[in-house]
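Enquirer: Shown below is the structure under consideration.
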Amino acid sequence: MLRPFHFLRAALGEFYFDLPRMLLLNIFWFLTALPFIAVVFVVSITVRAEMETAAPVPWQVVVIQATVFGVLALALAGPGTAATYAVTNRFANGELIEPGRFWGYFRRFFWRGWLLGILDAGAGALLVLNIWFYANTGQIWSWLLSIVFVYVLLIWGALQSYLFALMVEMDQSPRLAIRNALFLILDNLGLTVGLLVVNVLVVVISILPGALILALATMTVLSNVHNKAVVEVISRYRASGRIVAGDQQPAGDPSGER
């Protein structure tokens, strides 16, 4: 359970000692993620305003609008996140950090990154919507059901440590990445809990000072931590003969070289 904190300490040290390139990589990611962040921000403000007004817009309209704009915005955020993980994956495998490869990886992982982003963000949004809906019906059974969805949301949160890192490290489809991420959660509970705590800690620190750290460091640090964890776990499985289904070579150059 403490291993993720060692990964975090190493990632922070590497960020400091390779500051210009780490900053540049995170800025690249932030530029691609900014439209989706804006959609989430606008939707949250809209929902809060509608709850306070006397004649709120039907929630179905808000959901449809958020879905359409969210899917479009994820065409940048999904591949951008995959590209960031691909760059830090090479770093976790002992190579140099090269932010210039970001755009090549963006093209290479475009469709898989977009699809995984849609599945990931869609599942998270659906869980939050279910929790809100069942918690506000005023019935005991609905309230209990909302608690069940809270636990499912925790599992979704734990998946974030593995999804993109697995897709890149093992060059997998989104379906295989999700399946194997669920396997890693169950087979590495201590590591999963530790990574979840690290994720929450980094995100909270990133948001508190006006989200400045989000634009400059958050994804570079987190993707580095997640890649270190996945590379170590996969290496252990390979050494013991326990290969996760769908195993392939680590991500190579954007040109397709291995």
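Labels used: A, B, ... for chains in the order of the structure tokens, numbers from 1 for residues in each chain, and numbers from 1 for ligands as shown.
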Give me, as an NGL selection string, all polymer residues having an atom no more than 6 Å from stretch 214-226 of chain A, counting only C-alpha atoms and skipping those fewer than 6 positions away in the same chain.
Expert: :A and (7-8 or 11 or 23 or 26-27 or 30 or 85 or 88 or 161 or 206)
Enquirer: Contacts of A:Trp132 at 12 Å or less, counting only C-alpha atoms, minus same-chain residues fewer than 5 places along, as a list of chain:residue names?
Expert: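 Neighbouring residues, sequence-local ones excluded: A:Val47, A:Trp59, A:Ala125, A:Leu126, A:Leu127, A:Thr137, A:Gly138, A:Ser142, A:Trp143, A:Leu145, A:Ser146, A:Ile147, A:Phe149, A:Val150.
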Enquirer: Could you dump the residues just selected with N, CA and C atoms as a CSV table (one decimal), in the first residue's frame?
Expert:
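Written file, again.csv:
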```csv
chain,number,residue,atom,x,y,z
A,47,VAL,N,-26.1,23.2,-13.5
A,47,VAL,CA,-26.8,22.3,-12.6
A,47,VAL,C,-27.1,23.1,-11.2
A,59,TRP,N,-34.0,18.2,-16.5
A,59,TRP,CA,-32.7,17.6,-16.4
A,59,TRP,C,-32.3,16.8,-17.7
A,125,ALA,N,-19.8,9.8,-15.1
A,125,ALA,CA,-21.0,10.8,-15.1
A,125,ALA,C,-22.3,10.0,-14.8
A,126,LEU,N,-22.4,8.8,-15.4
A,126,LEU,CA,-23.6,8.0,-15.1
A,126,LEU,C,-23.7,7.6,-13.6
A,127,LEU,N,-22.6,7.3,-13.0
A,127,LEU,CA,-22.6,6.9,-11.6
A,127,LEU,C,-23.0,8.1,-10.7
A,137,THR,N,-34.7,11.0,-3.9
A,137,THR,CA,-36.1,10.6,-4.1
A,137,THR,C,-36.9,10.6,-2.8
A,138,GLY,N,-36.2,10.6,-1.7
A,138,GLY,CA,-36.9,10.7,-0.4
A,138,GLY,C,-37.3,9.3,0.1
A,142,SER,N,-34.3,3.8,-2.1
A,142,SER,CA,-33.5,4.6,-3.1
A,142,SER,C,-32.2,5.1,-2.5
A,143,TRP,N,-32.3,5.6,-1.2
A,143,TRP,CA,-31.1,6.0,-0.5
A,143,TRP,C,-30.1,4.9,-0.4
A,145,LEU,N,-29.8,2.4,-2.3
A,145,LEU,CA,-29.3,2.1,-3.7
A,145,LEU,C,-28.2,3.1,-4.0
A,146,SER,N,-28.4,4.4,-3.6
A,146,SER,CA,-27.4,5.4,-3.9
A,146,SER,C,-26.1,5.1,-3.2
A,147,ILE,N,-26.1,4.4,-2.0
A,147,ILE,CA,-24.9,4.0,-1.3
A,147,ILE,C,-24.1,3.0,-2.1
A,149,PHE,N,-24.2,2.7,-5.4
A,149,PHE,CA,-23.5,3.4,-6.5
A,149,PHE,C,-22.3,4.2,-6.0
A,150,VAL,N,-22.3,4.6,-4.8
A,150,VAL,CA,-21.1,5.3,-4.2
A,150,VAL,C,-19.9,4.3,-4.2
```
Enquirer: Figure out the distance between atom CA of A:Val204 and atom CA of A:Asn188, please, to one decimal in Å.
Expert: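 Those two atoms sit 24.2 Å apart.
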Enquirer: For A:Phe91, find every residue with an atom within 10 Å (counting only C-alpha atoms), except residues of its own chain fewer than 6 positions away, and show them as JSON, numbers by chain.
Expert: {"A": [14, 85, 97, 98, 224, 227, 228]}
Enquirer: Do you know which residues are at most 12 Å from A:Phe36 counting only C-alpha atoms, after dropping those on the same chain fewer than 6 positions away, and could you put them as a short mmCIF file (atom, residue, chain, number, x, y, z; two decimals) with N, CA and C atoms, in the first residue's frame?
Expert:
```
data_model
loop_
_atom_site.label_atom_id
_atom_site.label_comp_id
_atom_site.auth_asym_id
_atom_site.auth_seq_id
_atom_site.Cartn_x
_atom_site.Cartn_y
_atom_site.Cartn_z
N TRP A 29 -0.87 18.50 -22.71
CA TRP A 29 -2.07 17.78 -22.26
C TRP A 29 -3.19 18.76 -21.90
N PHE A 30 -2.84 19.82 -21.16
CA PHE A 30 -3.85 20.76 -20.70
C PHE A 30 -4.56 21.44 -21.87
N VAL A 42 -18.94 24.22 -16.98
CA VAL A 42 -20.21 24.85 -17.37
C VAL A 42 -21.39 24.00 -16.91
N VAL A 43 -21.29 22.70 -17.06
CA VAL A 43 -22.39 21.82 -16.63
C VAL A 43 -22.60 21.92 -15.13
N ALA A 66 -24.93 18.08 -22.20
CA ALA A 66 -23.64 17.71 -21.63
C ALA A 66 -23.03 16.53 -22.37
N THR A 67 -23.87 15.57 -22.77
CA THR A 67 -23.37 14.39 -23.48
C THR A 67 -22.79 14.78 -24.84
N VAL A 68 -23.52 15.59 -25.60
CA VAL A 68 -23.08 15.98 -26.93
C VAL A 68 -21.75 16.75 -26.86
N PHE A 69 -21.73 17.80 -26.03
CA PHE A 69 -20.52 18.62 -25.94
C PHE A 69 -19.37 17.85 -25.29
N GLY A 70 -19.70 16.97 -24.33
CA GLY A 70 -18.66 16.18 -23.69
C GLY A 70 -17.99 15.21 -24.66
N VAL A 71 -18.78 14.53 -25.49
CA VAL A 71 -18.23 13.60 -26.47
C VAL A 71 -17.34 14.32 -27.46
N LEU A 72 -17.78 15.50 -27.92
CA LEU A 72 -16.97 16.28 -28.85
C LEU A 72 -15.66 16.73 -28.20
N ALA A 73 -15.74 17.19 -26.96
CA ALA A 73 -14.53 17.67 -26.27
C ALA A 73 -13.56 16.53 -26.00
N LEU A 74 -14.09 15.33 -25.80
CA LEU A 74 -13.22 14.17 -25.54
C LEU A 74 -12.43 13.74 -26.77
N ALA A 75 -12.81 14.26 -27.94
CA ALA A 75 -12.01 13.98 -29.14
C ALA A 75 -10.62 14.57 -29.02
N LEU A 76 -10.46 15.55 -28.15
CA LEU A 76 -9.14 16.10 -27.85
C LEU A 76 -8.60 15.54 -26.53
N ALA A 77 -9.44 15.53 -25.50
CA ALA A 77 -8.98 15.14 -24.16
C ALA A 77 -8.57 13.67 -24.09
N GLY A 78 -9.33 12.77 -24.73
CA GLY A 78 -9.01 11.35 -24.68
C GLY A 78 -7.67 11.02 -25.33
N GLY A 80 -5.33 13.13 -26.04
CA GLY A 80 -4.30 13.90 -25.34
C GLY A 80 -3.84 13.20 -24.08
N THR A 81 -4.77 12.61 -23.35
CA THR A 81 -4.41 11.86 -22.15
C THR A 81 -3.61 10.61 -22.51
N TRP A 114 -9.93 8.36 -27.68
CA TRP A 114 -11.26 8.96 -27.68
C TRP A 114 -12.29 7.99 -27.12
N GLY A 117 -11.79 7.43 -23.45
CA GLY A 117 -12.23 8.63 -22.75
C GLY A 117 -13.74 8.71 -22.62
N ILE A 118 -14.44 8.36 -23.72
CA ILE A 118 -15.91 8.37 -23.69
C ILE A 118 -16.44 7.34 -22.70
N ALA A 121 -15.33 8.59 -18.97
CA ALA A 121 -16.07 9.76 -18.50
C ALA A 121 -17.57 9.47 -18.44
#
```
Enquirer: Restricting the calculation to only C-alpha atoms: of A:Tyr162, A:Arg101, A:Ala135, A:Ser44, which residue gets closest to A:Leu195?
Expert: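 When distances to A:Leu195 are compared using only C-alpha atoms, the smallest one comes from A:Tyr162.
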